[in-house]
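Read the structure below first, then the notes.
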Amino acid sequence: MAWNTNLRWRLPVICLLLQVALVVLFGVFVRYDLDADAHWIEERMSRNISSDLDNEFYYRYPSFQDVHVMIFVGFGFLMTFLQRYGYSAVGFNFLLAAFGIQWALLMQGWFHSFDGRYILLGVENLINADFCVGSVCVAFGAVLGKVSPVQLLIMTLFQVTLFSVNEFILLSLLEVKDAGGSMTIHTFGAYFGLTVTWILYRPNLYQSKDRPSSVYHSDLFAMIGTLFLWMYWPSFNSAVSNHGDAQHRAVINTYCSLAACVLTAVALSSVLHKKGKLDMVHIQNATLAGGVAVGTAAEMMLMPYGSLVIGFICGIISTLGFVYLTPFLESRLRIQDTCGIHNLHGMPGIIGGIVGAVTAASANTELYGQEGLAFAFGFGSSTLSWNASTQGKFQAAGLFVSLAMALVGGIIVGVILKLPFWGQAADENCFEDAIYWEMPKDQKSIVFRSEDPTLKPSEP
Amino acid sequence: MAWNTNLRWRLPVICLLLQVALVVLFGVFVRYDLDADAHWIEERMSRNISSDLDNEFYYRYPSFQDVHVMIFVGFGFLMTFLQRYGYSAVGFNFLLAAFGIQWALLMQGWFHSFDGRYILLGVENLINADFCVGSVCVAFGAVLGKVSPVQLLIMTLFQVTLFSVNEFILLSLLEVKDAGGSMTIHTFGAYFGLTVTWILYRPNLYQSKDRPSSVYHSDLFAMIGTLFLWMYWPSFNSAVSNHGDAQHRAVINTYCSLAACVLTAVALSSVLHKKGKLDMVHIQNATLAGGVAVGTAAEMMLMPYGSLVIGFICGIISTLGFVYLTPFLESRLRIQDTCGIHNLHGMPGIIGGIVGAVTAASANTELYGQEGLAFAFGFGSSTLSWNASTQGKFQAAGLFVSLAMALVGGIIVGVILKLPFWGQAADENCFEDAIYWEMPKDQKSIVFRSEDPTLKPSEP
Amino acid sequence: MAWNTNLRWRLPVICLLLQVALVVLFGVFVRYDLDADAHWIEERMSRNISSDLDNEFYYRYPSFQDVHVMIFVGFGFLMTFLQRYGYSAVGFNFLLAAFGIQWALLMQGWFHSFDGRYILLGVENLINADFCVGSVCVAFGAVLGKVSPVQLLIMTLFQVTLFSVNEFILLSLLEVKDAGGSMTIHTFGAYFGLTVTWILYRPNLYQSKDRPSSVYHSDLFAMIGTLFLWMYWPSFNSAVSNHGDAQHRAVINTYCSLAACVLTAVALSSVLHKKGKLDMVHIQNATLAGGVAVGTAAEMMLMPYGSLVIGFICGIISTLGFVYLTPFLESRLRIQDTCGIHNLHGMPGIIGGIVGAVTAASANTELYGQEGLAFAFGFGSSTLSWNASTQGKFQAAGLFVSLAMALVGGIIVGVILKLPFWGQAADENCFEDAIYWEMPKDQKSIVFRSEDPTLKPSEP
């Protein structure tokens, strides 16, 4: 079967339609929240706030910018490891994230920032929109090289919607804590993406076999992504935590977990190679698993050694996953996971959800103080009968809900994306920029296998 | 005509002379402002300020660092797209910016931070110096590949001077609002640079025709520049806004405008290619136009949907400019605009100025509140008869002043740079690092066309 | 002599052992400090602190993230200039820093944050751990390409220990000021690294002569490192300064010094080349010397022109060092300094120590104010007889102690690393990723000289 990969009308039309719809919806629904509105100065005077610094902006803005870098440079460059897919990795990630954040501002806004008439935007909404798109970037890793930008926009549209529903169920209905998004972002994003790629299974992918590998320079570009993700992960896990000690603690825990993770990932990478050599895939990915797994519990009293233990375990599990599980998933379960997101986001996300449940269940007044416990979990306020054990159970329930949403949503979206008119490439043209990008002249000689399938259809 | 490109004495002498002059002028004129002086603790106690945080440093520093990254990594790497000009793009940008910020501290200091005896420096001066140099980086984009580092230093010297005069006219005399610099930075910088490159027209530039194109990896390096500019633009447009809601709002508006701009730039890039393929030039540049165009109005009550509309329009106009206008400018008007700054900074800058004028003219008490309006525009304080409509007219006047300064200044500086002894390369050696840089050995075989013109002069 | 470079058991065992030890020690010794503990809310209420912002987190966190980027991306990518050693530069830097920060949290914690029972962690500890590891990254530059990751972990273990002892002597016993670490980080790190590489002298290193050079793209990767170091250096020098004016001033001074340094480095690079061409090595390194040299005095009343003078001098000295001193050290003193750290960290570090001593000795009430002087140096508080002149002498003493610790420590560690069973490569296989990394397939043909020494031992 040959598909038409010429996107000349499909991509522009969908981009413009989506953007026009967003403009209209923003016009009808979106305004500034009080801290970002020109009336704030009156509010500040009436509430007798002494300093301009007591604007939410100053609590969150540095973290926001770090998260922003993670989404666009972090995820974008992490996926440039493929030798012939760098433009698409960075460019499509840019496109889907730019669309996704706008749609997420609306979806999350309706659920969490709607005053009955308007969605009121502030810096926290921007962070949450970036978070939501983070889960799409995770899923993108599973289908990388095998889908068209049109498919990615459709996937983003649905995934952001599902993410927001799932997040609402978890945070608002189940009152789950998940500041760093182990469950809502990583578990949901990973299993959603894996389900989609399972539905989109390409039996003849081996025809483009050489291209899903890296070259020397592409691995260095990918390390830019890895390092910005790794360095700014403390901001990610602390960005929407409570002011003060919770943000502070989330940073310390994430810093510790990530550091430990690097050592065990390196150890496993070396021991699993017959000559003890390190594999860049592990260094690029498994070193980040500690940040994923500490997402839910980072703001809790996990203790620095607790974070180290989590990082320790995740570096091992993630590297083992790359060596043994990814090939197994592909050969037995027909799940073609290009970036190994199951190892970086899937398993560590589940571990993070469990750690969060256990840590919440162990919360007590000695550890948090009376006030601290109330502030951290809201115990004793709206939910009088709430206690640590209940919180732990609801945390666990949140994990299952996320998994269920990801699987069901992934099947539906996968089936939609399987329709033959979205401009996807034939199996032998996967992992190839030249299908969707005008290439520099001097590269023409290298791209000998990439023919425009619209001119000369190839057979499967 | 053959020029001598050996800079052995010219470049060192001008660097050292400029730097010695700067040391002397700093010694005579520059001290710390109160928030950066050791006497601050006494001031704080006497003014009964409760917290150390109420130092200007904590309001501005995170934004400053983001702006700093935009100038040095953002602009520097954005221009590495040329296959044989990466060293010069990053290196000369580094050089001119390092000189420019020092000179800007003095020039802007005399106009805005002079207490009669000393220029008093604080973090806001550092941001403004970076901004000023931003306009030089913009102009650099027009002449990229065609000028020597000596010419760049001279251009920086004059452009920073003119920028500061123009900025003083706009901000202090016309009391114009331009926090993100649509007019002072982008419009001025772009039309200044275009005028200079028009004067420096090189009729035989086609001789180095192959080199002003990219190769695969150079486009990925350029994406590093693009993304850091795109991600940190909210900091750029909010860095010197009023404390509190104005900074907060500028971030939200810029975030929205940039996101919309990505979708329309992608749409146009695809629809303008006969096979619907995307062009990296558009992704690298046109996606940023939304940040430029929202510069003036970002801190105003533009509304999120207003920002989306601006981004929407600019993504389209900028991409159209790259496809149709740049070739036209080169062939008909003899304006050789290497990076297409007219599309990224010129037109969006003018749009930004107009949007700012209209937005200011529409300001009213309902939208801003009584106090908010006074705080945002200074209405009712020093300028009693001032009102929104007057502000709008002055904003428009500011745009024309900026354009006039750019054109007149550009002609003068262009004529100076046309003098034959600044070490510029012959037409056939443009866009070539080997003229000014010691190249790695293994590259020698590739640089077959680059001969040192001092040894074997070539004919025009 | 042929060494076995197969690390299959050595590297994993040492990584896992170290990490298990860290987990145990953290479990026994490490907890959160008050600002990061859930009890903070109670403390805040009892101390009547009005705002959540008065948590140490908000003073230090933006600077921390910048420093973090310097350590992992800055140092990591700065060393990717070698054509065949990019994986190792970034990857080993990542490994040693991830281990080092954990060990530094403990070592520095015992000296500075130990409450008798627990080390209490806050954001300042994270910054200081990054600083400590910075000195290891400096030393790594001297031995780059010539040591195995096992040797690097051992070096990190010892160097972090010695750093902490030295830092304790300087900061706590001698009451020296060294916020930006000219002495504790740069001088100590550089002379420690130089001593180690002197002990590890490889007489036949010329056999891998071609590889310690760069290629076109590797120099651009290195510029990413250079620029992030350069841009964020103001955060580095101000990160642990006193709140308010001291942080503010340190930023201004560092900004000025670095800017001046770029111009003189460019000038010298050009004048020292027979055709006036610039050398990327100088642009990548000497432009940073101003940040090193202003480390100690940045928070003092150095004045902006004072900073410019320091940057001016260091740009010159550092470039001269690269051209004349590095070859001399290698040929005469048998010190093989791969990255030229003596020019970037050694000499500028010593200059920084001296400048700090002189600036401290010149402190007076006119310049600082009565309160300011007490706040900046602690004069008149715990140390009643203390005065500026004493402070200056102790600063100078601190410089000598740092040098002595570096030399003695370097010899001991060098001798340990010389033992033949750490997996180091033979002389002809230095500067080669393929020894320790699984390489992409298409690179195999290029790596013709890299044979696995375990299979076919080569003779010296």
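Residue numbering restarts at 1 for every chain of the structure tokens, chains are lettered A, B, ... in their displayed order, and ligands are numbered from 1 as they appear.
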What are the DSSP alpha helix (DSSP H) residues of stretch 173-225 of chain A, as a CSV table (one decimal) with C-alpha atoms, in the first residue's frame?
```csv
chain,number,residue,atom,x,y,z
A,188,PHE,CA,-0.6,8.5,31.3
A,189,GLY,CA,1.6,9.8,28.5
A,190,ALA,CA,3.7,6.7,28.2
A,191,TYR,CA,0.9,4.1,28.2
A,192,PHE,CA,-1.2,6.3,25.9
A,193,GLY,CA,1.7,6.5,23.4
A,194,LEU,CA,2.5,2.8,23.7
A,195,THR,CA,-1.2,1.9,23.0
A,196,VAL,CA,-1.2,4.2,20.0
A,197,THR,CA,2.0,2.8,18.5
A,198,TRP,CA,0.6,-0.8,19.2
A,199,ILE,CA,-2.5,0.1,17.1
A,216,TYR,CA,28.1,10.4,16.2
A,217,HIS,CA,26.9,14.0,16.0
A,218,SER,CA,23.2,13.1,16.4
A,219,ASP,CA,24.0,11.5,19.8
A,220,LEU,CA,25.6,14.7,20.9
A,221,PHE,CA,22.6,16.8,19.9
A,222,ALA,CA,20.5,14.3,21.9
A,223,MET,CA,22.7,14.9,24.9
A,224,ILE,CA,21.6,18.6,24.8
A,225,GLY,CA,18.1,17.4,25.3
```
**Request:** Compile the contact shell of stretch 84-96 of chain A as a PyMOL selection string: residues with an atom at most 9 Å away, counting only C-alpha atoms, same-chain residues fewer than 4 positions apart removed.
**Result:** (chain A and resi 71-73+75-80+100-101+133+136-137+140+144-145+148-149+152-153+155-156+211-214+218+221+431-434+436-437+447) or (chain B and resi 216-217+219-220+223+227+259+262-263+266+280+283)
Go ahead and write the residues just picked, C-alpha atoms, as a short mmCIF file (atom, residue, chain, number, x, y, z; two decimals), in the first residue's frame.
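Generated output (result-v6.cif):
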```
data_model
loop_
_atom_site.label_atom_id
_atom_site.label_comp_id
_atom_site.auth_asym_id
_atom_site.auth_seq_id
_atom_site.Cartn_x
_atom_site.Cartn_y
_atom_site.Cartn_z
CA ILE A 71 9.37 20.86 26.75
CA PHE A 72 10.88 22.57 23.71
CA VAL A 73 14.63 21.98 23.92
CA PHE A 75 12.12 16.75 24.60
CA GLY A 76 12.86 18.21 21.15
CA PHE A 77 16.58 17.52 21.20
CA LEU A 78 16.34 14.28 23.16
CA MET A 79 14.68 12.84 20.05
CA THR A 80 17.30 14.09 17.57
CA GLY A 100 -0.94 21.74 22.62
CA ILE A 101 -0.22 24.50 25.10
CA VAL A 133 2.01 19.00 26.61
CA VAL A 136 2.15 14.48 24.54
CA CYS A 137 5.91 14.80 24.06
CA PHE A 140 5.51 11.32 20.63
CA LEU A 144 8.64 9.01 16.52
CA GLY A 145 9.52 8.54 12.87
CA SER A 148 2.98 12.58 9.90
CA PRO A 149 2.66 16.04 11.46
CA LEU A 152 0.61 14.43 15.55
CA LEU A 153 -1.74 17.40 15.66
CA MET A 155 -3.08 13.02 18.56
CA THR A 156 -2.29 16.20 20.48
CA ARG A 211 17.79 4.89 9.81
CA PRO A 212 16.45 4.41 13.34
CA SER A 213 20.05 4.42 14.49
CA SER A 214 22.20 7.33 15.48
CA SER A 218 23.20 13.13 16.41
CA PHE A 221 22.59 16.76 19.90
CA PHE A 431 12.62 7.80 10.14
CA GLU A 432 13.36 10.04 7.18
CA ASP A 433 13.20 13.85 7.22
CA ALA A 434 13.13 14.13 3.42
CA TYR A 436 8.22 16.12 5.03
CA TRP A 437 11.12 18.58 4.78
CA VAL A 447 19.21 10.34 0.83
CA TYR B 216 21.92 19.07 7.78
CA HIS B 217 23.77 19.67 11.04
CA ASP B 219 20.24 23.62 10.59
CA LEU B 220 20.07 21.73 13.88
CA MET B 223 17.36 25.39 15.93
CA LEU B 227 14.27 27.63 20.46
CA ALA B 259 2.38 29.77 20.15
CA VAL B 262 4.22 28.59 15.10
CA LEU B 263 1.03 27.11 13.64
CA VAL B 266 4.09 25.91 9.57
CA MET B 280 13.74 24.95 7.94
CA ILE B 283 10.61 27.20 11.09
#
```
Restrict the calculation to only C-alpha atoms, then for each residue of chain C with any atom at most 6 Å from an atom of chain A give the closest atom pair and their distance in Å to one decimal, rows by chain and rising residue number, as a tab-separated table.
```
residue	atom	partner	partner_atom	distance
C:Asn6	CA	A:Lys275	CA	5.5
C:Leu7	CA	A:Gly276	CA	4.9
C:Arg8	CA	A:Gly276	CA	3.5
C:Pro12	CA	A:Ala267	CA	3.8
C:Cys15	CA	A:Leu263	CA	5.6
C:Val23	CA	A:Tyr305	CA	5.6
C:Phe26	CA	A:Tyr305	CA	5.1
C:Gly27	CA	A:Tyr305	CA	5.0
C:Asp35	CA	A:Asp245	CA	5.5
C:Ala36	CA	A:Asp245	CA	4.3
C:Asp37	CA	A:Asp245	CA	5.8
C:Ala38	CA	A:Tyr368	CA	4.9
C:His39	CA	A:Gly369	CA	5.4
C:Asp52	CA	A:Gly244	CA	5.5
C:Asn55	CA	A:Gly244	CA	5.8
C:Phe57	CA	A:His248	CA	5.8
C:Ala98	CA	A:Ala259	CA	4.7
C:Tyr436	CA	A:Lys277	CA	4.9
C:Trp437	CA	A:Leu278	CA	4.7
C:Glu438	CA	A:Asp279	CA	5.4
C:Pro440	CA	A:Val215	CA	5.5
```
